[in-house]
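Colleague: Submitted below is the structure of interest, expressed as structure tokens.
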Amino acid sequence: MPKNLDIIIIGGGAAGFFTAINAAEKTPHLKIVILERGKEVLTKVKISGGGRCNVTHAEFLPKELTQNYPRGEKELLGPFHTFMTGDTIEWFEKRGVELKIEEDGRMFPTSNSSQTIIDCFLSETKRLGVEVLLSQPVKEIQKNEGRYILTTSTDTFSAEKIVVTTGSNPKIWKLLKDLGHSIVPAVPSLFTFNIKDSRIADLPGLSTNASVKVLDKNGKTVLESDGPLLITHWGMSGPAILKLSAWGARILDPLKYNFTIEVNWLNTLTEEDVLDSLKNLKILQGKQTIYKYAQFELPKRLWQSIVKAAGIAETLTWAEATRENFQNLANQLIAAIFEVNGKSTFKEEFVTAGGVDLKEVNFKTFESRICKNLFFAGEVLDIDAITGGFNFQNAWTSGYIVSQNL
């Protein structure tokens, strides 16, 4: 005989716990259980933000907030009017967890430890009588007389309502497909670019603001982004690159991650701006060697690498520079071409694009349009964000709205 429950939440991650806690507060008489396939819950929360848990982002306007979601931007606008950043901050504060804003807008617990978030969730589920069952991978979901029958490797459960919060889990996507849902195939999002190039080989750890374009075979711009760019042992990372990988998830996958990028190390400066500045330097700093002193507020090591790449001798002074020297230097500064060969996963923030087709979900309630009393929260849907706390905000918003509609 199946164990009879009111609500089953499949997945013991951020969205699952947030849904369970809010549902238990709203309807304390209902029997709610979280089924987690692993031996531990909240594993992604634990490692997120380098073990500090990037809870959300200090963005307080729904429209602005949606612009951080390559997939889900349109669908999340309404939900964010119901529950967003300010509500998240208040929710945690009410439970004794203070959050702080960092310079780049990311928000963390003041304790700087993801364990604070985990302890908060575990104590809340305990206080509210939500049962958390471990090592319960769901193998089958069937519908029978208005109830869902769930079979795990050891047990059978029955409930009137189920919430799927399993993130990017292909096995669960297959079960949802069997129930009639369409699944958008998963591709990686948020990854770094592998680049072998002598210009950056000696610069790992160096970070600077830049704008970056992905070019097609004809040199046309397909994608562009800007922000801090970090040079690594493998190539390039940092927000400027991660944004490209998120917005370009579906464009870069068929290219097997072999493509060309153009980097403007001076962000928004144009060729004309740069050539004018270089001519001024020729007049004002004539005796100075070009190589020795960094210009345009660039890190010194990067400047020297760019000067070398432009074919300028270390002894050449500004006064001796030719028009050709200036043109080569300008090209390396604002239109440096790099070949990308492969990607590396950004381990802490592993995210995929793909999941339940958004057309099949009612975003007022996050209920399936295909199966009554089946709800979704978090990344099981084809929603994903750039790095910075936005994926968690989607988990909190969707989980909260589901909890109010159970």
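Each chain of the structure tokens is named A, B, ... in the order shown, its residues numbered from 1; ligands are numbered from 1 in display order.
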Using only C-alpha atoms, determine which residues lie at most 8 Å from Lys31 (chain A), disregarding the query and same-chain residues fewer than 4 positions distant; provide the list as a PyMOL selection string.
Modeller: chain A and resi 5-7+130
Colleague: Write the residues you've just listed into a file as a PDB file, in the first residue's frame, and include N, CA and C atoms for each of them.
Modeller:
```
ATOM      1  N   LEU A   5      -0.054  10.865   1.420  1.00  0.00           N
ATOM      2  CA  LEU A   5       0.385  12.194   1.860  1.00  0.00           C
ATOM      3  C   LEU A   5      -0.472  13.240   1.154  1.00  0.00           C
ATOM      4  N   ASP A   6      -0.341  14.501   1.586  1.00  0.00           N
ATOM      5  CA  ASP A   6      -1.062  15.574   0.892  1.00  0.00           C
ATOM      6  C   ASP A   6      -0.220  16.164  -0.234  1.00  0.00           C
ATOM      7  N   ILE A   7       1.057  16.466   0.107  1.00  0.00           N
ATOM      8  CA  ILE A   7       1.940  17.105  -0.877  1.00  0.00           C
ATOM      9  C   ILE A   7       3.294  16.400  -0.860  1.00  0.00           C
ATOM     10  N   VAL A 130       7.818  19.135   8.524  1.00  0.00           N
ATOM     11  CA  VAL A 130       7.992  18.626   7.159  1.00  0.00           C
ATOM     12  C   VAL A 130       8.973  17.462   7.219  1.00  0.00           C
TER      13      VAL A 130
END
```
Colleague: Can you pull out every residue within 7 Å of Ile8 (chain A), counting only C-alpha atoms, but drop anything in the same chain fewer than 4 positions away, and send it as a PyMOL selection string?
Modeller: chain A and resi 32-34+159+161-163
Colleague: May I ask for the distance between CA of Glu160 (chain A) and CA of Ala14 (chain A), given in Å to one decimal place?
Modeller: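 CA of Glu160 (chain A) sits 22.6 Å away from CA of Ala14 (chain A).
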Colleague: Could you give me, as a tab-separated table, every region 150-216 of chain A residue with an atom at most 10 Å from region 373-383 of chain A, plus its closest atom pair and distance in Å to one decimal, counting only C-alpha atoms, rows ordered by chain then number?
Modeller:
```
residue	atom	partner	partner_atom	distance
A:Ala159	CA	A:Asn373	CA	9.7
A:Glu160	CA	A:Asn373	CA	7.0
A:Lys161	CA	A:Asn373	CA	4.9
A:Ile162	CA	A:Leu374	CA	5.2
A:Val163	CA	A:Phe375	CA	4.5
A:Val164	CA	A:Phe376	CA	4.9
A:Thr165	CA	A:Ala377	CA	5.1
A:Thr166	CA	A:Val380	CA	5.8
A:Gly167	CA	A:Val380	CA	4.1
A:Ser168	CA	A:Val380	CA	5.5
A:Asn169	CA	A:Val380	CA	7.3
A:Pro170	CA	A:Val380	CA	9.4
A:Ile172	CA	A:Val380	CA	8.7
A:Trp173	CA	A:Val380	CA	7.8
A:Leu176	CA	A:Leu374	CA	9.9
A:Ile183	CA	A:Asp382	CA	8.1
A:Val184	CA	A:Asp382	CA	6.8
A:Pro185	CA	A:Asp382	CA	9.0
A:Ala186	CA	A:Asp382	CA	8.5
```
Colleague: Could you please take those selected residues and save N, CA and C atoms as a PDB file, in the first residue's frame?
Modeller:
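Written out: again-v4.pdb:
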```
ATOM      1  N   ALA A 159      -0.028  11.031  -3.352  1.00  0.00           N
ATOM      2  CA  ALA A 159      -0.379  12.387  -2.915  1.00  0.00           C
ATOM      3  C   ALA A 159      -1.294  13.023  -3.945  1.00  0.00           C
ATOM      4  N   GLU A 160      -2.090  13.978  -3.462  1.00  0.00           N
ATOM      5  CA  GLU A 160      -2.995  14.682  -4.377  1.00  0.00           C
ATOM      6  C   GLU A 160      -2.191  15.673  -5.232  1.00  0.00           C
ATOM      7  N   LYS A 161      -1.139  16.263  -4.599  1.00  0.00           N
ATOM      8  CA  LYS A 161      -0.366  17.286  -5.309  1.00  0.00           C
ATOM      9  C   LYS A 161       1.124  16.969  -5.224  1.00  0.00           C
ATOM     10  N   ILE A 162       1.808  17.209  -6.333  1.00  0.00           N
ATOM     11  CA  ILE A 162       3.267  17.035  -6.293  1.00  0.00           C
ATOM     12  C   ILE A 162       3.954  18.271  -6.871  1.00  0.00           C
ATOM     13  N   VAL A 163       5.151  18.552  -6.322  1.00  0.00           N
ATOM     14  CA  VAL A 163       5.958  19.681  -6.791  1.00  0.00           C
ATOM     15  C   VAL A 163       7.310  19.112  -7.215  1.00  0.00           C
ATOM     16  N   VAL A 164       7.710  19.416  -8.442  1.00  0.00           N
ATOM     17  CA  VAL A 164       8.998  18.915  -8.932  1.00  0.00           C
ATOM     18  C   VAL A 164      10.027  20.049  -8.854  1.00  0.00           C
ATOM     19  N   THR A 165      11.083  19.813  -8.065  1.00  0.00           N
ATOM     20  CA  THR A 165      12.119  20.851  -7.862  1.00  0.00           C
ATOM     21  C   THR A 165      13.508  20.225  -8.018  1.00  0.00           C
ATOM     22  N   THR A 166      13.635  19.370  -9.042  1.00  0.00           N
ATOM     23  CA  THR A 166      14.851  18.543  -9.152  1.00  0.00           C
ATOM     24  C   THR A 166      15.954  19.175 -10.001  1.00  0.00           C
ATOM     25  N   GLY A 167      15.791  20.431 -10.432  1.00  0.00           N
ATOM     26  CA  GLY A 167      16.836  21.056 -11.245  1.00  0.00           C
ATOM     27  C   GLY A 167      17.035  20.311 -12.555  1.00  0.00           C
ATOM     28  N   SER A 168      18.275  20.280 -13.015  1.00  0.00           N
ATOM     29  CA  SER A 168      18.580  19.645 -14.311  1.00  0.00           C
ATOM     30  C   SER A 168      18.799  18.158 -14.115  1.00  0.00           C
ATOM     31  N   ASN A 169      17.712  17.432 -14.002  1.00  0.00           N
ATOM     32  CA  ASN A 169      17.824  15.991 -13.772  1.00  0.00           C
ATOM     33  C   ASN A 169      17.164  15.237 -14.934  1.00  0.00           C
ATOM     34  N   PRO A 170      17.974  14.686 -15.853  1.00  0.00           N
ATOM     35  CA  PRO A 170      17.418  14.035 -17.049  1.00  0.00           C
ATOM     36  C   PRO A 170      16.425  12.912 -16.740  1.00  0.00           C
ATOM     37  N   ILE A 172      14.297  12.695 -14.225  1.00  0.00           N
ATOM     38  CA  ILE A 172      12.986  13.278 -13.886  1.00  0.00           C
ATOM     39  C   ILE A 172      12.356  13.906 -15.127  1.00  0.00           C
ATOM     40  N   TRP A 173      13.177  14.545 -15.964  1.00  0.00           N
ATOM     41  CA  TRP A 173      12.630  15.106 -17.209  1.00  0.00           C
ATOM     42  C   TRP A 173      11.967  14.010 -18.037  1.00  0.00           C
ATOM     43  N   LEU A 176       8.600  13.288 -16.628  1.00  0.00           N
ATOM     44  CA  LEU A 176       7.660  14.372 -16.957  1.00  0.00           C
ATOM     45  C   LEU A 176       7.230  14.275 -18.414  1.00  0.00           C
ATOM     46  N   ILE A 183      10.123  18.611 -23.188  1.00  0.00           N
ATOM     47  CA  ILE A 183      11.367  19.011 -22.514  1.00  0.00           C
ATOM     48  C   ILE A 183      12.301  19.652 -23.540  1.00  0.00           C
ATOM     49  N   VAL A 184      12.743  20.870 -23.247  1.00  0.00           N
ATOM     50  CA  VAL A 184      13.729  21.530 -24.107  1.00  0.00           C
ATOM     51  C   VAL A 184      15.089  20.910 -23.778  1.00  0.00           C
ATOM     52  N   PRO A 185      15.795  20.339 -24.772  1.00  0.00           N
ATOM     53  CA  PRO A 185      17.043  19.624 -24.460  1.00  0.00           C
ATOM     54  C   PRO A 185      18.045  20.507 -23.710  1.00  0.00           C
ATOM     55  N   ALA A 186      18.775  19.885 -22.802  1.00  0.00           N
ATOM     56  CA  ALA A 186      19.719  20.640 -21.961  1.00  0.00           C
ATOM     57  C   ALA A 186      21.033  20.868 -22.689  1.00  0.00           C
TER      58      ALA A 186
END
```
Colleague: Which parts of region 228-376 of chain A does DSSP call helix (DSSP H, G or I) when run on the backbone here, written out as JSON, numbers by chain?
Modeller: {"A": [239, 240, 241, 242, 243, 244, 245, 246, 247, 249, 250, 251, 252, 271, 272, 273, 274, 275, 276, 277, 278, 279, 280, 281, 282, 283, 284, 300, 301, 302, 303, 304, 305, 306, 307, 308, 309, 323, 324, 325, 326, 327, 328, 329, 330, 331, 332, 333, 334, 347, 348, 349, 358, 359, 360]}
Colleague: From region 62-201 of chain A, collect each residue whose DSSP state is strand (DSSP E or B) and return the set as a PyMOL selection string.
Modeller: chain A and resi 71+99-101+106-109+131-133+138-144+147-152+156-164+183-189+191-194
Colleague: Which neighbours of Gly311 (chain A) fall inside 9 Å, counting only C-alpha atoms, when residues of the same chain fewer than 3 positions from it are skipped, and could you give them as a PyMOL selection string?
Modeller: chain A and resi 306-308+325+328-329
Colleague: So that I have them on file, write out the residues from the current selection with N, CA and C atoms, as a compact mmCIF listing (two decimals), in the first residue's frame.
Modeller:
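Saved file selection21.txt follows:
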```txt
# COMPACT_ATOMS: atom_id res chain seq x y z
N ILE A 306 50.24 43.43 -24.99
CA ILE A 306 49.56 44.00 -26.16
C ILE A 306 50.57 44.72 -27.07
N VAL A 307 51.49 45.46 -26.46
CA VAL A 307 52.52 46.18 -27.23
C VAL A 307 53.37 45.18 -28.03
N LYS A 308 53.75 44.08 -27.37
CA LYS A 308 54.53 43.02 -28.04
C LYS A 308 53.74 42.44 -29.21
N ASN A 325 52.70 51.42 -36.72
CA ASN A 325 52.80 51.00 -35.31
C ASN A 325 51.50 51.32 -34.57
N ASN A 328 48.57 49.06 -35.70
CA ASN A 328 48.70 47.70 -35.12
C ASN A 328 48.35 47.70 -33.64
N LEU A 329 48.80 48.73 -32.94
CA LEU A 329 48.55 48.82 -31.50
C LEU A 329 47.04 49.01 -31.25
```
Colleague: Between CA of Ser305 (chain A) and CA of Gly342 (chain A), what distance in Å does the model show, to one decimal?
Modeller: 23.5 Å
Colleague: For region 265-281 of chain A, list every protein, DNA or RNA residue within 12 Å, evaluated using only C-alpha atoms, and leave out those in the same chain fewer than 4 positions away; present the list as a PyMOL selection string.
Modeller: chain A and resi 207-213+224-230+240+285-290+293-299+302-303+305-306+317-337
Colleague: Limited to C-alpha atoms, could you put the picked residues into a file as a compact mmCIF listing (two decimals), in the first residue's frame?
Modeller:
```
# COMPACT_ATOMS: atom_id res chain seq x y z
CA SER A 207 41.45 40.86 -14.35
CA THR A 208 40.33 43.97 -16.23
CA ASN A 209 37.13 45.46 -17.66
CA ALA A 210 36.62 44.65 -21.32
CA SER A 211 33.93 44.13 -23.91
CA VAL A 212 33.82 40.86 -25.82
CA LYS A 213 32.06 39.80 -29.02
CA GLU A 224 28.37 40.67 -27.13
CA SER A 225 28.85 41.48 -23.47
CA ASP A 226 31.08 43.52 -21.20
CA GLY A 227 32.34 43.56 -17.63
CA PRO A 228 35.28 42.15 -15.70
CA LEU A 229 37.29 39.67 -17.77
CA LEU A 230 39.58 37.28 -15.91
CA ALA A 240 32.07 39.23 -19.29
CA GLN A 285 55.51 61.70 -24.09
CA GLY A 286 57.82 61.55 -27.12
CA LYS A 287 60.94 60.38 -25.23
CA GLN A 288 59.18 57.64 -23.29
CA THR A 289 59.43 54.04 -24.50
CA ILE A 290 55.99 52.72 -25.45
CA TYR A 293 54.63 52.63 -19.16
CA ALA A 294 51.06 51.29 -19.34
CA GLN A 295 48.43 53.57 -20.88
CA PHE A 296 44.59 53.68 -20.78
CA GLU A 297 44.69 52.51 -17.12
CA LEU A 298 45.45 48.97 -18.28
CA PRO A 299 47.34 46.58 -15.97
CA LEU A 302 48.59 43.30 -20.07
CA TRP A 303 49.78 46.53 -21.72
CA SER A 305 51.73 41.89 -23.81
CA ILE A 306 49.56 44.00 -26.16
CA THR A 317 59.75 55.58 -28.13
CA TRP A 318 56.45 57.35 -28.80
CA ALA A 319 58.30 59.90 -30.97
CA GLU A 320 59.72 57.13 -33.20
CA ALA A 321 56.39 55.32 -33.66
CA THR A 322 55.01 55.17 -37.21
CA ARG A 323 51.41 55.32 -38.37
CA GLU A 324 51.62 51.53 -38.94
CA ASN A 325 52.80 51.00 -35.31
CA PHE A 326 49.80 52.98 -34.09
CA GLN A 327 47.37 51.09 -36.31
CA ASN A 328 48.70 47.70 -35.12
CA LEU A 329 48.55 48.82 -31.50
CA ALA A 330 44.98 50.12 -31.90
CA ASN A 331 43.93 46.78 -33.45
CA GLN A 332 45.39 44.81 -30.52
CA LEU A 333 43.77 47.18 -27.99
CA ILE A 334 40.23 47.29 -29.30
CA ALA A 335 39.82 44.37 -31.71
CA ALA A 336 42.06 41.56 -30.51
CA ILE A 337 40.99 38.28 -32.11
```
Colleague: Using only C-alpha atoms, which residues sit within 12 Å of region 79-81 of chain A once same-chain residues fewer than 6 positions away are excluded, as a CSV table (one decimal) with C-alpha atoms, in the first residue's frame?
Modeller:
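As a result, part.csv now contains:
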```csv
chain,number,residue,atom,x,y,z
A,59,GLU,CA,18.3,44.4,-7.9
A,60,PHE,CA,15.0,45.8,-6.7
A,61,LEU,CA,13.0,46.4,-9.9
A,62,PRO,CA,11.2,43.4,-11.4
A,63,LYS,CA,11.8,44.5,-15.0
A,64,GLU,CA,15.6,45.0,-14.3
A,65,LEU,CA,15.8,41.7,-12.5
A,66,THR,CA,14.3,39.8,-15.4
A,67,GLN,CA,17.1,41.0,-17.7
A,72,GLY,CA,12.7,33.0,-18.5
A,73,GLU,CA,12.9,36.8,-18.9
A,87,ASP,CA,10.9,39.7,0.0
A,88,THR,CA,13.8,37.3,0.0
A,362,ASN,CA,0.9,28.7,-15.8
A,363,PHE,CA,3.2,31.4,-14.3
A,364,LYS,CA,0.5,32.8,-12.0
A,365,THR,CA,0.8,29.5,-10.0
A,366,PHE,CA,3.7,27.5,-11.6
A,377,ALA,CA,9.9,25.4,-9.0
A,390,PHE,CA,19.8,35.1,-9.9
A,393,GLN,CA,16.2,34.2,-6.7
A,394,ASN,CA,14.2,32.2,-9.3
A,395,ALA,CA,14.1,29.2,-6.9
A,396,TRP,CA,12.8,31.4,-4.0
A,397,THR,CA,10.2,33.2,-6.2
A,398,SER,CA,8.9,30.0,-7.9
A,399,GLY,CA,8.9,28.1,-4.6
A,400,TYR,CA,7.0,30.8,-2.8
A,401,ILE,CA,4.3,31.2,-5.5
A,402,VAL,CA,3.9,27.4,-5.6
```
Colleague: Figure out the distance between CA of Gly238 (chain A) and CA of Pro109 (chain A), please, to one decimal in Å.
Modeller: 22.5 Å
Colleague: Here is a test: counting only C-alpha atoms, which residue of A:His57, A:Leu128, A:Ile9, A:Ile141 is nearest to Lys26 (chain A)?
Modeller: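 With only C-alpha atoms as the atom set, the closest residue is A:Leu128.
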Colleague: Would you kindly return, as a tab-separated table (two decimals) with C-alpha atoms, in the first residue's frame, each protein, DNA or RNA residue with an atom no farther than 12 Å from any atom of Met1 (chain A), considering only C-alpha atoms and excluding same-chain residues fewer than 6 positions away?
Modeller:
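As written to disk, result.tsv reads:
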```tsv
chain	number	residue	atom	x	y	z
A	149	ILE	CA	1.52	7.50	-7.25
A	150	LEU	CA	5.29	7.83	-6.88
A	151	THR	CA	7.57	4.82	-6.78
A	155	ASP	CA	8.83	2.78	-1.30
A	156	THR	CA	5.57	3.87	-2.89
A	157	PHE	CA	3.93	7.20	-2.03
A	158	SER	CA	0.61	8.70	-2.98
```
Colleague: Looking at A:Lys372, A:Glu367, A:Ile10, A:Pro204, which one is nearest to Glu140 (chain A), with distances taken over only C-alpha atoms?
Modeller: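 Closest residue, counting only C-alpha atoms: A:Ile10.
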